[in-house]
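The file run.pdb contains PDB, C-alpha atoms, pLDDT in the B column:
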ATOM      1  CA  SER D 640      -9.322  48.542  43.821  1.00 51.00           C
ATOM      2  CA  SER D 641      -9.652  48.246  47.573  1.00 54.00           C
ATOM      3  CA  LEU D 642     -11.907  50.449  49.647  1.00 59.00           C
ATOM      4  CA  HIS D 643     -10.287  53.045  51.867  1.00 48.00           C
ATOM      5  CA  VAL D 644      -9.949  51.723  55.419  1.00 50.00           C
ATOM      6  CA  SER D 645     -11.127  54.501  57.671  1.00 46.00           C
ATOM      7  CA  ASN D 646      -9.723  53.331  60.987  1.00 51.00           C
ATOM      8  CA  THR D 647      -6.318  54.872  61.694  1.00 47.00           C
ATOM      9  CA  GLU D 648      -3.934  53.069  63.996  1.00 49.00           C
ATOM     10  CA  LEU D 649      -2.440  55.358  66.609  1.00 50.00           C
ATOM     11  CA  GLU D 650      -0.493  52.643  68.421  1.00 59.00           C
ATOM     12  CA  PRO D 651       0.786  49.221  67.346  1.00 67.00           C
ATOM     13  CA  ARG D 652      -1.602  46.401  68.201  1.00 74.00           C
ATOM     14  CA  THR D 653      -1.474  42.637  68.189  1.00 87.00           C
ATOM     15  CA  VAL D 654      -3.078  41.300  65.006  1.00 90.00           C
ATOM     16  CA  ILE D 655      -5.450  38.405  65.698  1.00 90.00           C
ATOM     17  CA  ASN D 656      -6.299  37.512  62.102  1.00 90.00           C
ATOM     18  CA  SER D 657      -4.049  38.546  59.229  1.00 88.00           C
ATOM     19  CA  PRO D 658      -3.870  41.117  57.692  1.00 89.00           C
ATOM     20  CA  GLY D 659      -5.608  42.852  60.612  1.00 88.00           C
ATOM     21  CA  GLN D 660      -7.719  45.197  58.489  1.00 92.00           C
ATOM     22  CA  TRP D 661     -10.213  44.584  55.728  1.00 95.00           C
ATOM     23  CA  ASP D 662     -12.318  46.367  53.137  1.00 95.00           C
ATOM     24  CA  ALA D 663     -15.440  44.795  54.616  1.00 96.00           C
ATOM     25  CA  MET D 664     -16.628  42.689  57.512  1.00 97.00           C
ATOM     26  CA  ILE D 665     -19.716  40.576  56.893  1.00 98.00           C
ATOM     27  CA  SER D 666     -21.966  40.419  59.953  1.00 97.00           C
ATOM     28  CA  TYR D 667     -24.788  37.873  60.005  1.00 97.00           C
ATOM     29  CA  THR D 668     -26.470  35.350  62.266  1.00 95.00           C
ATOM     30  CA  GLN D 669     -25.653  31.662  61.977  1.00 93.00           C
ATOM     31  CA  ARG D 670     -29.107  30.919  63.376  1.00 90.00           C
ATOM     32  CA  ASN D 671     -30.545  31.547  59.905  1.00 93.00           C
ATOM     33  CA  ALA D 672     -29.394  29.224  57.112  1.00 93.00           C
ATOM     34  CA  LYS D 673     -30.443  31.696  54.416  1.00 94.00           C
ATOM     35  CA  ALA D 674     -28.353  34.411  56.075  1.00 96.00           C
ATOM     36  CA  CYS D 675     -25.365  32.051  56.087  1.00 96.00           C
ATOM     37  CA  LEU D 676     -25.784  31.375  52.371  1.00 95.00           C
ATOM     38  CA  LEU D 677     -26.132  35.062  51.552  1.00 97.00           C
ATOM     39  CA  ALA D 678     -23.067  35.949  53.636  1.00 97.00           C
ATOM     40  CA  GLU D 679     -20.950  33.427  51.726  1.00 96.00           C
ATOM     41  CA  ARG D 680     -22.253  34.712  48.391  1.00 96.00           C
ATOM     42  CA  ILE D 681     -21.311  38.280  49.347  1.00 97.00           C
ATOM     43  CA  TYR D 682     -17.886  37.106  50.508  1.00 97.00           C
ATOM     44  CA  THR D 683     -17.212  35.426  47.166  1.00 97.00           C
ATOM     45  CA  ALA D 684     -18.521  38.367  45.116  1.00 96.00           C
ATOM     46  CA  PHE D 685     -16.422  40.929  47.006  1.00 97.00           C
ATOM     47  CA  ARG D 686     -13.309  38.777  46.717  1.00 96.00           C
ATOM     48  CA  GLU D 687     -13.893  38.419  42.976  1.00 95.00           C
ATOM     49  CA  ARG D 688     -13.893  42.223  42.804  1.00 94.00           C
ATOM     50  CA  GLY D 689     -10.556  42.477  44.594  1.00 95.00           C
ATOM     51  CA  ARG D 690     -11.849  43.350  48.059  1.00 95.00           C
ATOM     52  CA  THR D 691     -10.464  41.958  51.287  1.00 96.00           C
ATOM     53  CA  VAL D 692     -13.267  40.506  53.385  1.00 97.00           C
ATOM     54  CA  TRP D 693     -13.669  39.247  56.947  1.00 96.00           C
ATOM     55  CA  LEU D 694     -16.123  36.382  57.291  1.00 96.00           C
ATOM     56  CA  ASP D 695     -16.039  34.373  60.503  1.00 93.00           C
ATOM     57  CA  ILE D 696     -15.943  30.913  58.931  1.00 93.00           C
ATOM     58  CA  LYS D 697     -12.947  31.949  56.804  1.00 94.00           C
ATOM     59  CA  MET D 698     -10.826  33.107  59.758  1.00 93.00           C
ATOM     60  CA  GLU D 699      -8.230  31.104  61.686  1.00 89.00           C
ATOM     61  CA  GLN D 700      -9.141  32.750  64.989  1.00 90.00           C
ATOM     62  CA  LEU D 701     -12.780  33.194  65.891  1.00 84.00           C
ATOM     63  CA  ASN D 702     -13.567  34.649  69.284  1.00 91.00           C
ATOM     64  CA  GLU D 703     -14.953  37.885  70.669  1.00 92.00           C
ATOM     65  CA  ASP D 704     -11.633  39.725  70.312  1.00 93.00           C
ATOM     66  CA  ALA D 705     -11.386  38.612  66.680  1.00 93.00           C
ATOM     67  CA  MET D 706     -14.889  39.926  65.987  1.00 95.00           C
ATOM     68  CA  LYS D 707     -14.073  43.244  67.609  1.00 95.00           C
ATOM     69  CA  GLU D 708     -10.834  43.513  65.637  1.00 94.00           C
ATOM     70  CA  ALA D 709     -12.753  43.045  62.396  1.00 94.00           C
ATOM     71  CA  ALA D 710     -15.573  45.416  63.325  1.00 96.00           C
ATOM     72  CA  GLN D 711     -13.175  48.222  64.238  1.00 95.00           C
ATOM     73  CA  ASN D 712     -10.563  47.660  61.538  1.00 94.00           C
ATOM     74  CA  SER D 713     -12.695  47.271  58.430  1.00 96.00           C
ATOM     75  CA  ALA D 714     -13.698  50.053  56.065  1.00 95.00           C
ATOM     76  CA  CYS D 715     -17.342  49.060  56.471  1.00 96.00           C
ATOM     77  CA  ILE D 716     -19.686  46.477  57.926  1.00 97.00           C
ATOM     78  CA  ILE D 717     -22.029  44.594  55.620  1.00 97.00           C
ATOM     79  CA  ALA D 718     -24.887  43.630  57.936  1.00 97.00           C
ATOM     80  CA  VAL D 719     -26.967  40.764  56.553  1.00 97.00           C
ATOM     81  CA  VAL D 720     -30.220  41.549  58.337  1.00 97.00           C
ATOM     82  CA  THR D 721     -32.744  38.733  58.599  1.00 96.00           C
ATOM     83  CA  GLY D 722     -35.751  37.891  60.709  1.00 93.00           C
ATOM     84  CA  VAL D 723     -36.835  34.461  61.918  1.00 87.00           C
ATOM     85  CA  GLU D 724     -36.104  31.664  59.479  1.00 81.00           C
ATOM     86  CA  ARG D 725     -39.429  29.871  59.839  1.00 79.00           C
ATOM     87  CA  GLU D 726     -42.818  31.001  61.044  1.00 79.00           C
ATOM     88  CA  GLY D 727     -43.148  30.132  64.689  1.00 76.00           C
ATOM     89  CA  ASP D 728     -39.403  30.396  65.419  1.00 79.00           C
ATOM     90  CA  SER D 729     -38.379  32.500  68.398  1.00 76.00           C
ATOM     91  CA  GLU D 730     -37.723  36.170  67.588  1.00 82.00           C
ATOM     92  CA  ASP D 731     -34.413  35.698  69.404  1.00 84.00           C
ATOM     93  CA  THR D 732     -33.081  34.122  66.186  1.00 90.00           C
ATOM     94  CA  ALA D 733     -33.524  37.406  64.260  1.00 94.00           C
ATOM     95  CA  TYR D 734     -30.351  39.345  63.427  1.00 96.00           C
ATOM     96  CA  MET D 735     -31.285  42.374  65.530  1.00 95.00           C
ATOM     97  CA  LYS D 736     -31.829  40.123  68.552  1.00 95.00           C
ATOM     98  CA  ARG D 737     -28.478  38.333  68.397  1.00 95.00           C
ATOM     99  CA  THR D 738     -25.976  39.530  70.996  1.00 94.00           C
ATOM    100  CA  TYR D 739     -22.855  39.153  68.862  1.00 94.00           C
ATOM    101  CA  CYS D 740     -24.471  40.807  65.849  1.00 96.00           C
ATOM    102  CA  ILE D 741     -25.436  43.807  67.967  1.00 96.00           C
ATOM    103  CA  ASN D 742     -21.972  43.910  69.542  1.00 96.00           C
ATOM    104  CA  GLU D 743     -20.370  44.007  66.088  1.00 97.00           C
ATOM    105  CA  LEU D 744     -22.500  46.986  65.085  1.00 97.00           C
ATOM    106  CA  ARG D 745     -21.719  48.806  68.336  1.00 97.00           C
ATOM    107  CA  TRP D 746     -17.990  48.141  68.047  1.00 96.00           C
ATOM    108  CA  ALA D 747     -18.100  49.520  64.513  1.00 96.00           C
ATOM    109  CA  ARG D 748     -19.927  52.636  65.680  1.00 94.00           C
ATOM    110  CA  GLU D 749     -17.295  53.218  68.369  1.00 93.00           C
ATOM    111  CA  ALA D 750     -14.582  53.214  65.699  1.00 94.00           C
ATOM    112  CA  GLY D 751     -16.522  55.350  63.219  1.00 94.00           C
ATOM    113  CA  VAL D 752     -16.970  52.451  60.793  1.00 96.00           C
ATOM    114  CA  PRO D 753     -20.128  52.782  58.646  1.00 96.00           C
ATOM    115  CA  VAL D 754     -22.720  50.017  58.421  1.00 96.00           C
ATOM    116  CA  GLN D 755     -24.428  48.984  55.192  1.00 97.00           C
ATOM    117  CA  PRO D 756     -27.495  46.794  55.832  1.00 97.00           C
ATOM    118  CA  VAL D 757     -28.463  44.265  53.161  1.00 97.00           C
ATOM    119  CA  ILE D 758     -31.487  41.977  53.031  1.00 97.00           C
ATOM    120  CA  ARG D 759     -32.856  39.131  50.965  1.00 96.00           C
ATOM    121  CA  ARG D 760     -35.209  40.231  48.201  1.00 94.00           C
ATOM    122  CA  GLU D 761     -37.964  38.245  49.888  1.00 94.00           C
ATOM    123  CA  ASP D 762     -37.588  40.380  53.040  1.00 95.00           C
ATOM    124  CA  LYS D 763     -37.854  43.808  51.401  1.00 92.00           C
ATOM    125  CA  ASP D 764     -41.268  44.422  52.975  1.00 94.00           C
ATOM    126  CA  ASP D 765     -39.974  43.569  56.459  1.00 95.00           C
ATOM    127  CA  VAL D 766     -37.405  46.365  56.916  1.00 95.00           C
ATOM    128  CA  GLY D 767     -39.714  48.230  59.303  1.00 94.00           C
ATOM    129  CA  LYS D 768     -40.078  45.086  61.415  1.00 94.00           C
ATOM    130  CA  PHE D 769     -36.300  44.620  61.505  1.00 95.00           C
ATOM    131  CA  ILE D 770     -35.783  48.201  62.700  1.00 95.00           C
ATOM    132  CA  LYS D 771     -38.349  47.687  65.467  1.00 94.00           C
ATOM    133  CA  GLN D 772     -36.378  44.658  66.624  1.00 95.00           C
ATOM    134  CA  ALA D 773     -33.186  46.738  66.939  1.00 95.00           C
ATOM    135  CA  PRO D 774     -32.094  48.208  70.282  1.00 94.00           C
ATOM    136  CA  GLU D 775     -32.747  51.935  70.701  1.00 95.00           C
ATOM    137  CA  ASP D 776     -29.169  53.000  69.960  1.00 95.00           C
ATOM    138  CA  LEU D 777     -29.235  51.239  66.589  1.00 95.00           C
ATOM    139  CA  LYS D 778     -32.705  52.179  65.347  1.00 95.00           C
ATOM    140  CA  ASP D 779     -31.144  55.044  63.367  1.00 92.00           C
ATOM    141  CA  LEU D 780     -29.935  52.410  60.900  1.00 93.00           C
ATOM    142  CA  GLY D 781     -33.389  52.938  59.456  1.00 92.00           C
ATOM    143  CA  GLY D 782     -31.904  56.064  57.881  1.00 92.00           C
ATOM    144  CA  VAL D 783     -29.582  53.941  55.725  1.00 93.00           C
ATOM    145  CA  ASP D 784     -30.901  52.250  52.597  1.00 93.00           C
ATOM    146  CA  PHE D 785     -31.377  48.519  53.129  1.00 97.00           C
ATOM    147  CA  ILE D 786     -30.236  47.051  49.822  1.00 96.00           C
ATOM    148  CA  ALA D 787     -32.188  43.996  48.659  1.00 96.00           C
ATOM    149  CA  LEU D 788     -30.029  41.259  47.143  1.00 97.00           C
ATOM    150  CA  ASP D 789     -31.388  38.889  44.518  1.00 95.00           C
ATOM    151  CA  HIS D 790     -29.461  35.991  42.953  1.00 90.00           C
ATOM    152  CA  ILE D 791     -32.167  34.949  40.517  1.00 92.00           C
ATOM    153  CA  SER D 792     -29.512  35.221  37.787  1.00 94.00           C
ATOM    154  CA  PRO D 793     -25.777  36.060  37.628  1.00 95.00           C
ATOM    155  CA  THR D 794     -26.556  39.374  35.926  1.00 95.00           C
ATOM    156  CA  VAL D 795     -29.076  40.465  38.552  1.00 96.00           C
ATOM    157  CA  TRP D 796     -26.801  39.334  41.352  1.00 95.00           C
ATOM    158  CA  GLY D 797     -23.851  41.242  39.896  1.00 95.00           C
ATOM    159  CA  THR D 798     -25.938  44.409  39.665  1.00 95.00           C
ATOM    160  CA  CYS D 799     -26.994  44.026  43.307  1.00 96.00           C
ATOM    161  CA  VAL D 800     -23.400  43.617  44.459  1.00 96.00           C
ATOM    162  CA  ASP D 801     -22.328  46.674  42.485  1.00 95.00           C
ATOM    163  CA  ASP D 802     -25.155  48.650  44.133  1.00 95.00           C
ATOM    164  CA  VAL D 803     -23.834  47.622  47.550  1.00 96.00           C
ATOM    165  CA  LEU D 804     -20.286  48.682  46.678  1.00 95.00           C
ATOM    166  CA  ARG D 805     -21.455  52.072  45.385  1.00 94.00           C
ATOM    167  CA  SER D 806     -23.461  52.664  48.549  1.00 94.00           C
ATOM    168  CA  VAL D 807     -20.524  51.605  50.728  1.00 94.00           C
ATOM    169  CA  ASN D 808     -18.247  54.047  48.917  1.00 93.00           C
ATOM    170  CA  ARG D 809     -20.719  56.850  49.615  1.00 93.00           C
ATOM    171  CA  LEU D 810     -20.951  55.921  53.303  1.00 93.00           C
ATOM    172  CA  ILE D 811     -17.174  55.836  53.665  1.00 92.00           C
ATOM    173  CA  ALA D 812     -16.821  59.181  51.881  1.00 91.00           C
ATOM    174  CA  ALA D 813     -19.425  60.707  54.213  1.00 89.00           C
ATOM    175  CA  VAL D 814     -17.586  59.445  57.303  1.00 85.00           C
ATOM    176  CA  THR D 815     -14.262  60.701  55.960  1.00 81.00           C
ATOM    177  CA  SER D 816     -15.597  64.171  55.108  1.00 79.00           C
ATOM    178  CA  ALA D 817     -17.281  64.440  58.504  1.00 64.00           C
ATOM    179  CA  ALA D 818     -14.053  63.754  60.383  1.00 58.00           C
ATOM    180  CA  PRO D 819     -12.913  66.925  62.212  1.00 56.00           C
ATOM    181  CA  GLU D 820      -9.801  68.584  60.885  1.00 55.00           C
ATOM    182  CA  PRO D 821      -6.879  68.706  63.322  1.00 58.00           C
ATOM    183  CA  GLU D 822      -6.729  71.942  65.282  1.00 58.00           C
ATOM    184  CA  PRO D 823      -3.852  74.230  64.347  1.00 59.00           C
ATOM    185  CA  GLU D 824      -0.936  74.322  66.750  1.00 60.00           C
ATOM    186  CA  PRO D 825      -0.963  77.446  68.934  1.00 61.00           C
ATOM    187  CA  GLU D 826       1.654  80.010  68.006  1.00 56.00           C
ATOM    188  CA  PRO D 827       4.399  80.470  70.623  1.00 60.00           C
ATOM    189  CA  GLU D 828       3.948  83.503  72.852  1.00 61.00           C
ATOM    190  CA  LEU D 829       6.303  86.393  72.120  1.00 56.00           C
ATOM    191  CA  SER D 830       8.221  88.248  74.763  1.00 58.00           C
ATOM    192  CA  ALA D 831       7.401  91.937  75.251  1.00 57.00           C
ATOM    193  CA  ALA D 832      10.502  92.992  73.260  1.00 58.00           C
ATOM    194  CA  GLU D 833       9.733  90.544  70.434  1.00 58.00           C
ATOM    195  CA  ALA D 834       6.117  91.684  70.319  1.00 51.00           C
ATOM    196  CA  SER D 835       7.230  95.323  70.043  1.00 56.00           C
ATOM    197  CA  ARG D 836       9.665  94.567  67.202  1.00 59.00           C
ATOM    198  CA  SER D 837       6.981  92.524  65.413  1.00 51.00           C
ATOM    199  CA  GLN D 838       4.481  95.375  65.730  1.00 52.00           C
ATOM    200  CA  GLU D 839       6.968  97.894  64.381  1.00 52.00           C
ATOM    201  CA  ALA D 840       7.761  95.602  61.459  1.00 50.00           C
ATOM    202  CA  GLY D 841       4.066  95.397  60.659  1.00 49.00           C
ATOM    203  CA  PHE D 842       3.686  99.152  60.729  1.00 42.00           C
ATOM    204  CA  ALA D 843       6.734  99.527  58.477  1.00 47.00           C
ATOM    205  CA  ASP D 844       5.277  97.190  55.884  1.00 49.00           C
ATOM    206  CA  ALA D 845       1.908  98.903  55.947  1.00 46.00           C
ATOM    207  CA  CYS D 846       3.088 102.514  56.180  1.00 45.00           C
ATOM    208  CA  PRO D 847       5.995 103.882  54.071  1.00 46.00           C
ATOM    209  CA  THR D 848       6.052 107.046  56.195  1.00 42.00           C
ATOM    210  CA  PHE D 849       6.686 104.979  59.365  1.00 37.00           C
ATOM    211  CA  ARG D 850       9.409 103.064  57.509  1.00 41.00           C
ATOM    212  CA  ALA D 851      11.065 106.292  56.356  1.00 42.00           C
ATOM    213  CA  CYS D 852      10.995 107.747  59.863  1.00 40.00           C
ATOM    214  CA  ARG D 853      12.730 104.691  61.284  1.00 42.00           C
ATOM    215  CA  GLN D 854      15.542 104.827  58.723  1.00 43.00           C
TER     216      GLN D 854
END
Could I get this file's structure written as structure tokens?
Amino acid sequence: SSLHVSNTELEPRTVINSPGQWDAMISYTQRNAKACLLAERIYTAFRERGRTVWLDIKMEQLNEDAMKEAAQNSACIIAVVTGVEREGDSEDTAYMKRTYCINELRWAREAGVPVQPVIRREDKDDVGKFIKQAPEDLKDLGGVDFIALDHISPTVWGTCVDDVLRSVNRLIAAVTSAAPEPEPEPEPELSAAEASRSQEAGFADACPTFRACRQ
């Protein structure tokens, strides 16, 4: 079954990529070949489990507006967090240093869309480094479990994907439960005469003697 999409449309909008909302958006950097491979694996696994997924290379329209649409109209963001691909590469190729990756996370935050970071199993000891690379307003992602994905075998991979989906469901439930309830509509003000009649009616209900005297 599909995940609950948390973003509620208040006004009609122009859809850039159909259907215009998804169970998950996969955010990753194309500057890392291993991140690209992992993103495609996640895309396939989610689709096999009946989820709708936004992945840039699968979309007809790919521009900044399309990215923002996906980030703000998905139930969650799956952030494939990676560092530099090869030793000696510029740190600017790391996920947390890529402008579009950071924009996607910020757009999601604006819309109240939760972010689930995932990493390659080989990078599980580098989570602290990845958080240090993040801008100040996103360092709190360190409070979310970074789930390590391993495709050493189909069984292990399937377990990892299921772990991600369970965590995503918890994040979405937390966002939904934290949403403020709508304030009750104020009761219309009564005129002086109406207020007096209402007060007398209340006394009559509460006090039989008052009711008897009025009869």
Q) If we count all atoms listed in the file, what is near Lys707 (chain D) at a cut-off of 10 Å, once residues fewer than 2 positions away on the same chain are taken out, given as an MDAnalysis selection string? A) chainID D and resid 702:705 709:712 739 742:747
Residues of region 736-820 of chain D that approach region 721-730 of chain D to 9 Å or less, counting all atoms listed in the file: could you list each one with the shortest pair of atoms and its distance in Å to one decimal, rows by chain and increasing residue number, as CSV?
residue,atom,partner,partner_atom,distance
D:Lys736,CA,D:Glu730,CA,7.2
D:Val757,CA,D:Thr721,CA,8.9
D:Ile758,CA,D:Thr721,CA,6.6
D:Arg759,CA,D:Thr721,CA,7.6
D:Asp762,CA,D:Thr721,CA,7.6
D:Asp765,CA,D:Gly722,CA,8.3
D:Lys768,CA,D:Gly722,CA,8.4
D:Phe769,CA,D:Gly722,CA,6.8
D:Gln772,CA,D:Glu730,CA,8.6
**Q.** Closest of D:Arg690, D:Val766, D:Glu699, D:Gly659 to Lys778 (chain D) - atom-to-atom distances counting only C-alpha atoms
**A.**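 Closest to Lys778 (chain D) of all the choices is D:Val766.
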(Q) List the spatial neighbours of Ser666 (chain D) as a list in words - criterion: any atom at most 8 Å away, all atoms listed in the file, same-chain residues fewer than 3 positions off excluded. (A)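 Final neighbour list, sorted by chain and number: Ala678, Leu694, Ile716, Ile717, Ala718, Val719, Cys740 and Glu743 of chain D.
Proximity of D:Ala787, D:Met735, D:Ala714, D:Leu777 to Lys763 (chain D), computed with only C-alpha atoms, is greatest for D:Ala787.
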Q: For the file shown, report as a list in words the outcome of the PyMOL selection byres ((chain D and resi 790-794) around 10) at residue level.
A: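 Against this file, the PyMOL selection byres ((chain D and resi 790-794) around 10) returns the residues Leu677, Arg680, Arg759, Arg760, Leu788, Asp789, Val795, Trp796, Gly797, Thr798, Cys799 and Val800 of chain D.
With all atoms listed in the file as the basis for measurement, D:Val814 is the residue among D:Ile696, D:Ile770, D:Ala733, D:Val814 that approaches Val754 (chain D) most closely.
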Q. Within 10 Å of (-4.3, 39.6, 68.7), only C-alpha atoms: residues as a list in words?
A.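 The requested residues, written out, are Arg652, Thr653, Val654, Ile655, Asn656, Ser657, Gly659, Gln700, Asp704, Ala705 and Glu708 of chain D.
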Q) Just how far from CA of Thr738 (chain D) is CA of Thr668 (chain D), in Å to one decimal? A) 9.7 Å
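With only C-alpha atoms as the atoms that count, the residue of D:Ile811, D:Ile786, D:Leu780, D:Val803 with the shortest distance to Phe685 (chain D) is D:Val803.
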Please, what is the axis-aligned box for every listed atom of region 724-733 of chain D with 8 Å on each side, as centre and edge lengths in Å to one decimal, as AutoDock Vina command-line options?
--center_x -38.1 --center_y 33.6 --center_z 64.4 --size_x 26.1 --size_y 23.5 --size_z 25.9
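Counting from CA of Pro753 (chain D), the distance to CA of Cys715 (chain D) is 5.1 Å.
CA of Pro756 (chain D) is positioned 9.3 Å from CA of Gly781 (chain D).
With the shown file loaded, the PyMOL selection byres ((chain D and resi 688) around 12) picks out Ser640, Ser641, Leu642, Asp662, Ile681, Tyr682, Thr683, Ala684, Phe685, Arg686, Glu687, Gly689, Arg690, Thr691, Val692, Gly797, Val800, Asp801 and Leu804 of chain D.
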What's the 7 Å shell around Ser713 (chain D), counting only C-alpha atoms, without same-chain residues fewer than 6 positions away, as a JSON list (two decimals) with C-alpha atoms, keeping the file's coordinate frame?
[["chain", "number", "residue", "atom", "x", "y", "z"],
["D", 644, "VAL", "CA", -9.95, 51.72, 55.42],
["D", 660, "GLN", "CA", -7.72, 45.20, 58.49],
["D", 661, "TRP", "CA", -10.21, 44.58, 55.73],
["D", 662, "ASP", "CA", -12.32, 46.37, 53.14],
["D", 663, "ALA", "CA", -15.44, 44.80, 54.62],
["D", 664, "MET", "CA", -16.63, 42.69, 57.51]]
Q: Can you work out which one of D:Asp695, D:Glu679, D:Asp731, D:Glu761 has the shortest atom-to-atom distance to Ala773 (chain D), counting only C-alpha atoms?
A: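 Smallest separation from Ala773 (chain D) among the options: D:Asp731.
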Supply region 666-680 of chain D as a PDB file, in the coordinates of the input, with N, CA, C and O atoms built in where the input has gaps.
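This went into out.pdb:
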ATOM      1  N   SER D 666     -21.318  40.743  58.679  1.00 97.00           N
ATOM      2  CA  SER D 666     -21.966  40.419  59.953  1.00 97.00           C
ATOM      3  C   SER D 666     -23.305  39.756  59.648  1.00 97.00           C
ATOM      4  O   SER D 666     -24.100  40.290  58.868  1.00 97.00           O
ATOM      5  N   TYR D 667     -23.548  38.610  60.260  1.00 97.00           N
ATOM      6  CA  TYR D 667     -24.788  37.873  60.005  1.00 97.00           C
ATOM      7  C   TYR D 667     -25.025  36.924  61.169  1.00 97.00           C
ATOM      8  O   TYR D 667     -24.155  36.735  62.028  1.00 97.00           O
ATOM      9  N   THR D 668     -26.196  36.328  61.228  1.00 95.00           N
ATOM     10  CA  THR D 668     -26.470  35.350  62.266  1.00 95.00           C
ATOM     11  C   THR D 668     -26.426  33.936  61.702  1.00 95.00           C
ATOM     12  O   THR D 668     -27.030  33.648  60.656  1.00 95.00           O
ATOM     13  N   GLN D 669     -25.724  33.059  62.396  1.00 93.00           N
ATOM     14  CA  GLN D 669     -25.653  31.662  61.977  1.00 93.00           C
ATOM     15  C   GLN D 669     -26.929  30.896  62.329  1.00 93.00           C
ATOM     16  O   GLN D 669     -27.070  29.736  61.945  1.00 93.00           O
ATOM     17  N   ARG D 670     -27.840  31.569  63.023  1.00 90.00           N
ATOM     18  CA  ARG D 670     -29.107  30.919  63.376  1.00 90.00           C
ATOM     19  C   ARG D 670     -30.094  30.917  62.209  1.00 90.00           C
ATOM     20  O   ARG D 670     -31.207  30.408  62.337  1.00 90.00           O
ATOM     21  N   ASN D 671     -29.684  31.498  61.086  1.00 93.00           N
ATOM     22  CA  ASN D 671     -30.545  31.547  59.905  1.00 93.00           C
ATOM     23  C   ASN D 671     -29.749  31.018  58.715  1.00 93.00           C
ATOM     24  O   ASN D 671     -28.779  31.637  58.284  1.00 93.00           O
ATOM     25  N   ALA D 672     -30.143  29.864  58.194  1.00 93.00           N
ATOM     26  CA  ALA D 672     -29.394  29.224  57.112  1.00 93.00           C
ATOM     27  C   ALA D 672     -29.345  30.094  55.858  1.00 93.00           C
ATOM     28  O   ALA D 672     -28.338  30.111  55.134  1.00 93.00           O
ATOM     29  N   LYS D 673     -30.422  30.837  55.601  1.00 94.00           N
ATOM     30  CA  LYS D 673     -30.443  31.696  54.416  1.00 94.00           C
ATOM     31  C   LYS D 673     -29.481  32.870  54.580  1.00 94.00           C
ATOM     32  O   LYS D 673     -28.878  33.334  53.610  1.00 94.00           O
ATOM     33  N   ALA D 674     -29.324  33.349  55.814  1.00 96.00           N
ATOM     34  CA  ALA D 674     -28.353  34.411  56.075  1.00 96.00           C
ATOM     35  C   ALA D 674     -26.940  33.892  55.859  1.00 96.00           C
ATOM     36  O   ALA D 674     -26.081  34.598  55.306  1.00 96.00           O
ATOM     37  N   CYS D 675     -26.687  32.655  56.282  1.00 96.00           N
ATOM     38  CA  CYS D 675     -25.365  32.051  56.087  1.00 96.00           C
ATOM     39  C   CYS D 675     -25.031  31.952  54.598  1.00 96.00           C
ATOM     40  O   CYS D 675     -23.909  32.272  54.171  1.00 96.00           O
ATOM     41  N   LEU D 676     -25.991  31.513  53.806  1.00 95.00           N
ATOM     42  CA  LEU D 676     -25.784  31.375  52.371  1.00 95.00           C
ATOM     43  C   LEU D 676     -25.523  32.736  51.732  1.00 95.00           C
ATOM     44  O   LEU D 676     -24.605  32.888  50.909  1.00 95.00           O
ATOM     45  N   LEU D 677     -26.303  33.732  52.119  1.00 97.00           N
ATOM     46  CA  LEU D 677     -26.132  35.062  51.552  1.00 97.00           C
ATOM     47  C   LEU D 677     -24.779  35.652  51.944  1.00 97.00           C
ATOM     48  O   LEU D 677     -24.102  36.283  51.120  1.00 97.00           O
ATOM     49  N   ALA D 678     -24.363  35.443  53.183  1.00 97.00           N
ATOM     50  CA  ALA D 678     -23.067  35.949  53.636  1.00 97.00           C
ATOM     51  C   ALA D 678     -21.931  35.359  52.805  1.00 97.00           C
ATOM     52  O   ALA D 678     -20.997  36.072  52.403  1.00 97.00           O
ATOM     53  N   GLU D 679     -22.000  34.060  52.532  1.00 96.00           N
ATOM     54  CA  GLU D 679     -20.950  33.427  51.726  1.00 96.00           C
ATOM     55  C   GLU D 679     -20.975  33.927  50.284  1.00 96.00           C
ATOM     56  O   GLU D 679     -19.922  34.106  49.660  1.00 96.00           O
ATOM     57  N   ARG D 680     -22.158  34.178  49.755  1.00 96.00           N
ATOM     58  CA  ARG D 680     -22.253  34.712  48.391  1.00 96.00           C
ATOM     59  C   ARG D 680     -21.620  36.105  48.314  1.00 96.00           C
ATOM     60  O   ARG D 680     -20.918  36.425  47.347  1.00 96.00           O
TER      61      ARG D 680
END
